[in-house]
Structures are given as structure tokens and as C-alpha cells.
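Peer 1: Quick one, coords36.pdb (PDB, C-alpha atoms):
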ATOM      1  CA  MET A   2       0.000   0.000   0.000
ATOM      2  CA  ALA A   3       1.331   3.433  -0.926
ATOM      3  CA  LEU A   4       2.134   5.997   1.737
ATOM      4  CA  LEU A   5      -0.588   8.637   1.521
ATOM      5  CA  PHE A   6       0.549  11.029   4.222
ATOM      6  CA  LYS A   7       3.492  11.451   6.540
ATOM      7  CA  THR A   8       4.244  14.269   8.954
ATOM      8  CA  THR A   9       6.657  15.173  11.696
ATOM      9  CA  ALA A  10       6.871  18.057  14.181
ATOM     10  CA  LEU A  11      10.109  19.295  12.639
ATOM     11  CA  ALA A  12      12.652  17.590  10.428
ATOM     12  CA  GLU A  13      15.912  16.731  12.176
ATOM     13  CA  PRO A  14      18.323  19.651  11.852
ATOM     14  CA  THR A  15      20.640  19.005   8.912
ATOM     15  CA  GLY A  16      21.679  22.499   7.945
ATOM     16  CA  ASP A  17      19.825  22.018   4.669
ATOM     17  CA  SER A  18      17.035  24.411   3.798
ATOM     18  CA  LEU A  19      15.027  24.655   0.608
ATOM     19  CA  TYR A  20      15.475  28.387   0.927
ATOM     20  CA  ALA A  21      19.265  28.109   0.548
ATOM     21  CA  LEU A  22      18.873  26.828  -3.028
ATOM     22  CA  THR A  23      18.225  28.488  -6.363
ATOM     23  CA  ALA A  24      16.164  27.229  -9.288
ATOM     24  CA  ARG A  25      15.335  28.475 -12.770
ATOM     25  CA  THR A  26      11.828  29.838 -13.264
ATOM     26  CA  ILE A  27       9.686  28.576 -16.133
ATOM     27  CA  THR A  28      10.881  31.650 -18.076
ATOM     28  CA  GLY A  29      14.549  30.737 -17.513
ATOM     29  CA  GLU A  30      15.503  33.259 -14.828
ATOM     30  CA  GLU A  31      17.661  32.173 -11.883
ATOM     31  CA  GLN A  32      15.476  32.464  -8.756
ATOM     32  CA  PRO A  33      16.918  32.326  -5.232
ATOM     33  CA  LEU A  34      14.421  30.302  -3.222
ATOM     34  CA  SER A  35      15.320  32.554  -0.282
ATOM     35  CA  THR A  36      12.644  34.777  -1.845
ATOM     36  CA  TYR A  37      10.171  32.451  -0.103
ATOM     37  CA  ALA A  38      11.941  32.215   3.264
ATOM     38  CA  GLY A  39       9.540  32.823   6.113
ATOM     39  CA  GLN A  40       6.662  31.354   4.109
ATOM     40  CA  VAL A  41       5.173  27.868   4.175
ATOM     41  CA  ALA A  42       5.668  26.230   0.773
ATOM     42  CA  LEU A  43       4.041  23.315  -0.982
ATOM     43  CA  VAL A  44       6.488  21.918  -3.551
ATOM     44  CA  VAL A  45       4.788  19.840  -6.246
ATOM     45  CA  ASN A  46       6.151  17.929  -9.239
ATOM     46  CA  THR A  47       3.662  18.562 -12.025
ATOM     47  CA  ALA A  48       2.750  17.264 -15.494
ATOM     48  CA  SER A  49       0.274  18.468 -18.119
ATOM     49  CA  LYS A  50      -0.846  15.110 -19.487
ATOM     50  CA  CYS A  51      -1.367  13.115 -16.295
ATOM     51  CA  GLY A  52      -4.498  11.714 -14.691
ATOM     52  CA  PHE A  53      -3.769  14.094 -11.803
ATOM     53  CA  THR A  54      -3.337  17.200 -14.010
ATOM     54  CA  SER A  55      -6.710  18.549 -12.858
ATOM     55  CA  GLN A  56      -5.042  19.077  -9.460
ATOM     56  CA  TYR A  57      -3.704  22.327 -10.947
ATOM     57  CA  GLU A  58      -7.181  23.755 -10.331
ATOM     58  CA  GLY A  59      -7.131  22.735  -6.663
ATOM     59  CA  LEU A  60      -3.555  23.953  -6.246
ATOM     60  CA  GLU A  61      -4.518  27.373  -7.587
ATOM     61  CA  LYS A  62      -7.502  27.521  -5.201
ATOM     62  CA  LEU A  63      -5.255  26.512  -2.307
ATOM     63  CA  TYR A  64      -2.766  29.214  -3.285
ATOM     64  CA  ASP A  65      -5.534  31.827  -3.461
ATOM     65  CA  GLN A  66      -6.906  30.696  -0.098
ATOM     66  CA  TYR A  67      -3.634  30.891   1.855
ATOM     67  CA  ARG A  68      -1.163  33.155   0.025
ATOM     68  CA  GLU A  69      -2.096  36.267   2.009
ATOM     69  CA  ARG A  70      -1.153  34.330   5.158
ATOM     70  CA  GLY A  71       2.373  33.518   3.936
ATOM     71  CA  PHE A  72       1.834  30.418   1.794
ATOM     72  CA  VAL A  73       3.288  29.660  -1.629
ATOM     73  CA  ILE A  74       3.060  26.774  -4.054
ATOM     74  CA  LEU A  75       6.172  26.005  -6.082
ATOM     75  CA  GLY A  76       5.477  23.920  -9.204
ATOM     76  CA  PHE A  77       8.264  21.840 -10.727
ATOM     77  CA  PRO A  78       7.226  20.288 -14.070
ATOM     78  CA  SER A  79       8.872  16.987 -14.914
ATOM     79  CA  ASN A  80       8.692  14.456 -17.725
ATOM     80  CA  ASP A  81       9.939  11.622 -15.477
ATOM     81  CA  PHE A  82       6.748   9.586 -15.220
ATOM     82  CA  GLY A  83       5.119   8.221 -18.346
ATOM     83  CA  SER A  84       6.486  11.100 -20.473
ATOM     84  CA  GLN A  85       3.474  13.110 -19.326
ATOM     85  CA  GLU A  86       5.168  16.513 -19.607
ATOM     86  CA  PRO A  87       6.482  16.449 -23.193
ATOM     87  CA  GLY A  88       6.143  20.173 -23.956
ATOM     88  CA  SER A  89       8.628  23.028 -23.705
ATOM     89  CA  ASN A  90       8.677  25.411 -20.763
ATOM     90  CA  ASP A  91       6.687  27.897 -22.882
ATOM     91  CA  ASP A  92       4.100  25.184 -23.675
ATOM     92  CA  ILE A  93       3.805  24.275 -19.986
ATOM     93  CA  GLN A  94       3.382  27.871 -18.867
ATOM     94  CA  ARG A  95       0.773  28.569 -21.550
ATOM     95  CA  PHE A  96      -1.136  25.353 -20.735
ATOM     96  CA  CYS A  97      -1.214  26.110 -16.992
ATOM     97  CA  LYS A  98      -2.348  29.709 -17.483
ATOM     98  CA  LEU A  99      -4.987  29.025 -20.148
ATOM     99  CA  ASN A 100      -6.499  25.868 -18.655
ATOM    100  CA  TYR A 101      -6.162  26.450 -14.905
ATOM    101  CA  GLY A 102      -5.323  30.137 -14.393
ATOM    102  CA  VAL A 103      -2.135  29.153 -12.568
ATOM    103  CA  SER A 104      -0.543  32.167 -10.886
ATOM    104  CA  PHE A 105       1.749  30.381  -8.410
ATOM    105  CA  PRO A 106       5.451  30.150  -9.303
ATOM    106  CA  LEU A 107       6.438  27.529 -11.863
ATOM    107  CA  PHE A 108       9.990  26.424 -12.508
ATOM    108  CA  GLU A 109      11.807  24.902 -15.483
ATOM    109  CA  LYS A 110      11.002  21.353 -16.489
ATOM    110  CA  ASN A 111      13.681  19.103 -15.013
ATOM    111  CA  PRO A 112      14.006  15.605 -13.565
ATOM    112  CA  VAL A 113      12.700  15.062 -10.032
ATOM    113  CA  SER A 114      13.900  11.465  -9.729
ATOM    114  CA  GLY A 115      16.911   9.333 -10.550
ATOM    115  CA  PRO A 116      20.559  10.340 -10.826
ATOM    116  CA  ALA A 117      19.866  13.466 -12.939
ATOM    117  CA  LYS A 118      17.307  14.987 -10.539
ATOM    118  CA  GLN A 119      17.545  18.718  -9.893
ATOM    119  CA  GLU A 120      18.992  20.118  -6.646
ATOM    120  CA  VAL A 121      15.592  20.988  -5.161
ATOM    121  CA  TYR A 122      14.525  17.355  -5.406
ATOM    122  CA  LYS A 123      17.879  16.094  -4.136
ATOM    123  CA  LEU A 124      17.192  18.078  -0.975
ATOM    124  CA  LEU A 125      13.539  16.992  -0.725
ATOM    125  CA  THR A 126      14.182  13.300  -1.381
ATOM    126  CA  GLU A 127      17.700  12.671  -0.066
ATOM    127  CA  ARG A 128      18.406  15.197   2.691
ATOM    128  CA  ALA A 129      15.049  15.547   4.466
ATOM    129  CA  PRO A 130      15.114  12.992   7.301
ATOM    130  CA  GLY A 131      11.990  10.857   7.338
ATOM    131  CA  PHE A 132      10.885  11.887   3.845
ATOM    132  CA  GLU A 133      13.524  10.185   1.684
ATOM    133  CA  GLY A 134      12.710   8.550  -1.635
ATOM    134  CA  ASP A 135      11.976   9.797  -5.111
ATOM    135  CA  PRO A 136       8.404  10.694  -5.986
ATOM    136  CA  GLY A 137       6.698   7.653  -7.470
ATOM    137  CA  TRP A 138       4.534   9.715  -9.816
ATOM    138  CA  ASN A 139       3.435  13.239 -10.700
ATOM    139  CA  PHE A 140       1.812  15.592  -8.176
ATOM    140  CA  VAL A 141       3.625  14.362  -5.063
ATOM    141  CA  LYS A 142       3.513  17.236  -2.573
ATOM    142  CA  PHE A 143       6.192  18.250  -0.059
ATOM    143  CA  LEU A 144       5.167  20.712   2.654
ATOM    144  CA  VAL A 145       8.055  22.932   3.738
ATOM    145  CA  ASN A 146       8.014  25.098   6.866
ATOM    146  CA  LYS A 147       9.062  28.741   7.173
ATOM    147  CA  ASP A 148      12.678  27.655   7.751
ATOM    148  CA  GLY A 149      12.806  25.623   4.553
ATOM    149  CA  LYS A 150      12.581  22.181   6.206
ATOM    150  CA  VAL A 151      10.319  19.419   4.895
ATOM    151  CA  VAL A 152       7.586  18.712   7.463
ATOM    152  CA  ALA A 153       5.126  16.571   5.481
ATOM    153  CA  ARG A 154       4.870  14.606   2.271
ATOM    154  CA  PHE A 155       1.660  13.735   0.446
ATOM    155  CA  ALA A 156       1.146  11.136  -2.292
ATOM    156  CA  SER A 157      -0.293  12.031  -5.690
ATOM    157  CA  VAL A 158      -3.745  10.760  -4.698
ATOM    158  CA  VAL A 159      -3.987  13.350  -1.902
ATOM    159  CA  THR A 160      -5.804  16.245  -3.538
ATOM    160  CA  PRO A 161      -5.108  19.916  -2.811
ATOM    161  CA  THR A 162      -8.559  20.149  -1.221
ATOM    162  CA  SER A 163      -7.806  17.303   1.191
ATOM    163  CA  LYS A 164      -8.624  18.156   4.808
ATOM    164  CA  LYS A 165      -5.353  16.469   5.922
ATOM    165  CA  LEU A 166      -3.300  18.681   3.632
ATOM    166  CA  GLN A 167      -5.144  21.857   4.591
ATOM    167  CA  LYS A 168      -4.875  21.032   8.293
ATOM    168  CA  GLU A 169      -1.093  20.673   7.957
ATOM    169  CA  ILE A 170      -0.819  23.934   6.015
ATOM    170  CA  GLU A 171      -2.809  25.781   8.670
ATOM    171  CA  LYS A 172      -0.732  24.263  11.476
ATOM    172  CA  TRP A 173       2.516  25.426   9.892
ATOM    173  CA  LEU A 174       1.166  28.860   8.960
ATOM    174  CA  THR A 175       0.492  29.518  12.650
ATOM    175  CA  THR A 176       3.884  28.186  13.777
ATOM    176  CA  PRO A 177       6.694  30.739  14.086
ATOM    177  CA  ALA A 178       9.906  30.030  12.223
ATOM    178  CA  GLN A 179      12.403  27.790  14.078
ATOM    179  CA  GLN A 180       9.662  26.347  16.256
ATOM    180  CA  SER A 181       7.573  23.191  15.962
ATOM    181  CA  PRO A 182       3.776  23.216  16.508
ATOM    182  CA  SER A 183       4.186  21.277  19.781
ATOM    183  CA  GLU A 184       6.640  23.923  21.034
ATOM    184  CA  SER A 185       4.306  26.767  20.070
ATOM    185  CA  ALA A 186       1.548  25.300  22.266
ATOM    186  CA  ALA A 187       3.758  25.506  25.373
TER
END
Kindly present the structure from the file in C-alpha cells form.
Peer 2:
Amino acid sequence: MALLFKTTALAEPTGDSLYALTARTITGEEQPLSTYAGQVALVVNTASKCGFTSQYEGLEKLYDQYRERGFVILGFPSNDFGSQEPGSNDDIQRFCKLNYGVSFPLFEKNPVSGPAKQEVYKLLTERAPGFEGDPGWNFVKFLVNKDGKVVARFASVVTPTSKKLQKEIEKWLTTPAQQSPSESAA
């Protein structure tokens, strides 16, 4: 049975933070992910021709619902699974905007699994204690706290409108940076 949801109070300190990395935007510009430091991020590997592609709509709604509270979705298109993202970066951006009104940040299409995976996914899948392992398919979601640490991972089948996912987002939005939810209750 596939893992649908996993969470922890705070990833073990490793010195690695998503917000210490850079990535290229869908338009090819180098983007320091420190731009999002202090925000809760949902990092998602996406594809335009997947059975889960309609999750773009839910992701955009989730982004609209929480962005004013310090939440961002970071979309990372990949052609790793079933060649379901065959288009160029321009094609992907146009598809997302026209079909789903996507306004959250999208990044260049790159591998998210295997030996050629991009640095963001090396951190998410190799250096986040308790959350290791390549995504098994498109639309796997990694929840990252305000300090850039992975705090939850959700399988593709967990939709953006899932109560579990939204509950985790809300918990981390109300947690100050460098503090776990259990510590903030004390």
C-alpha cells in the first residue's frame, strides 16, 4: 500500500534548507528560493498530461486561499513519469495559465527522480530525514516550513482540497519560524 501522508513536528536539523537553493523559473531566470523564506511552501512535481493534471485547479484555489497568510506553491514540471510533460517550458506555462489560471510560481522542467534529478529534489528526497525517496509519480507534494525544512509529504492521490493537507498547512502557517507546533503550544 502506498504511503498517503506522513508528517513530523520538525525535520531533524541538517543544515539544509530549501530556501538556501536556487532554481530556474519557467521563463529561464535564476530564482533564489530565499525569496520564499519565512513562508510555508508546498512543492509539487507537475505534469500536463497526467491523470492528476486537474489538481492544478485545486492547487490554484489553495494558493488563493492561503497566500495572504504567507503560503506559496512552487510547481516543478517533470517528464519523469510516463512522459506526461512532453512540452517546452513555454508550452507548460501557456497550458497552466490558459487551462487552470495558474498564478503560483512555476519552474523549469527538469528531472525530479533518478541520478539526474535537480537540486531541489535532491534536498527533498535525499536530505530531508523521514521523507527520503523519489516521488513515485506526478503531483507528489512536499510541505516545507518557514525555515525551509520538509515537514510533510503527500502522495499524488492526496488532492489539494484534502482536509489532511489543509490542516497541515494551517498548522505550519500559525507556527513561528524555528519552532515546531508542539513547542508553540507551550
Peer 1: Pick from A:Thr175, A:Gln66, A:Thr36, A:Ser18: nearest to Pro161 of chain A, with all atoms listed in the file counted?
Peer 2: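 For Pro161 of chain A, the nearest of the candidates is A:Gln66.
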Peer 1: Choose the residue, out of A:Ser49, A:Asn100, A:Asp17, A:Trp173, that has the smallest atom-to-atom separation from Glu127 of chain A; count all atoms listed in the file.
Peer 2: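 Of the candidates, the smallest distance to Glu127 of chain A is held by A:Asp17.
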Peer 1: One decimal, in Å: what's the spacing between atom CA of Leu63 of chain A and atom CA of Pro112 of chain A?
Peer 2: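 Between atom CA of Leu63 of chain A and atom CA of Pro112 of chain A the gap works out to 24.8 Å.
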Peer 1: Can you work out which one of A:Phe82, A:Phe53, A:Tyr20, A:Tyr122 has the shortest atom-to-atom distance to Thr160 of chain A, counting all atoms listed in the file?
Peer 2: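 Going through A:Phe82, A:Phe53, A:Tyr20, A:Tyr122 one by one, the smallest distance to Thr160 of chain A is for A:Phe53.
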Peer 1: What's around Asn146 of chain A at 7 Å? Count all atoms listed in the file, leave out sequence neighbours fewer than 6 positions away in its own chain, and write the answer as an MDAnalysis selection string.
Peer 2: chainID A and resid 40:42 152 173
Peer 1: (-4.2, 22.4, -5.2) in this file's frame - what residues fall within 10 Å of it? Use all atoms listed in the file and give the answer as number ranges by chain.
Peer 2: A: 43, 45, 55-65, 74, 140, 142, 159-163, 166-167
Peer 1: When you count all atoms listed in the file, which of these residues is closest to Glu171 of chain A: A:Lys123, A:Lys98, A:Lys110, A:Arg70?
Peer 2: A:Arg70
Peer 1: Would you mind reading off the distance between atom CA of Val151 of chain A and atom CA of Asn80 of chain A, one decimal, in Å?
Peer 2: 23.2 Å
Peer 1: So what does the PyMOL selection byres ((chain A and resi 85-88) around 9) actually pick up in this one, as a list in words?
Peer 2: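 This file, filtered by the PyMOL selection byres ((chain A and resi 85-88) around 9), leaves Thr47, Ala48, Ser49, Lys50, Cys51, Pro78, Ser79, Asn80, Asp81, Phe82, Gly83, Ser84, Ser89, Asn90, Asp91, Asp92, Ile93, Lys110 and Asn139 of chain A.
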Peer 1: So, counting all atoms listed in the file, which residue among A:Cys97, A:Ala178, A:Leu125, A:Leu34 is closest to Lys147 of chain A?
Peer 2: A:Ala178
Peer 1: Would you mind telling me which residue in A:Leu174, A:Val44, A:Leu75, A:Val113 lies nearest to Gly134 of chain A when using all atoms listed in the file?
Peer 2: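 Using all atoms listed in the file, the shortest distance to Gly134 of chain A belongs to A:Val113.
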Peer 1: Could you write out as a PyMOL selection string the residues that the PyMOL selection byres ((chain A and resi 23) around 10) matches in the shown file?
Peer 2: chain A and resi 19-22+24-26+31-36+120-121
Peer 1: For the atom pair atom CA of Arg154 of chain A and atom CA of Gly29 of chain A, what is the interatomic distance in Å to one decimal place?
Peer 2: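 Straight-line distance from atom CA of Arg154 of chain A to atom CA of Gly29 of chain A works out to 27.3 Å.
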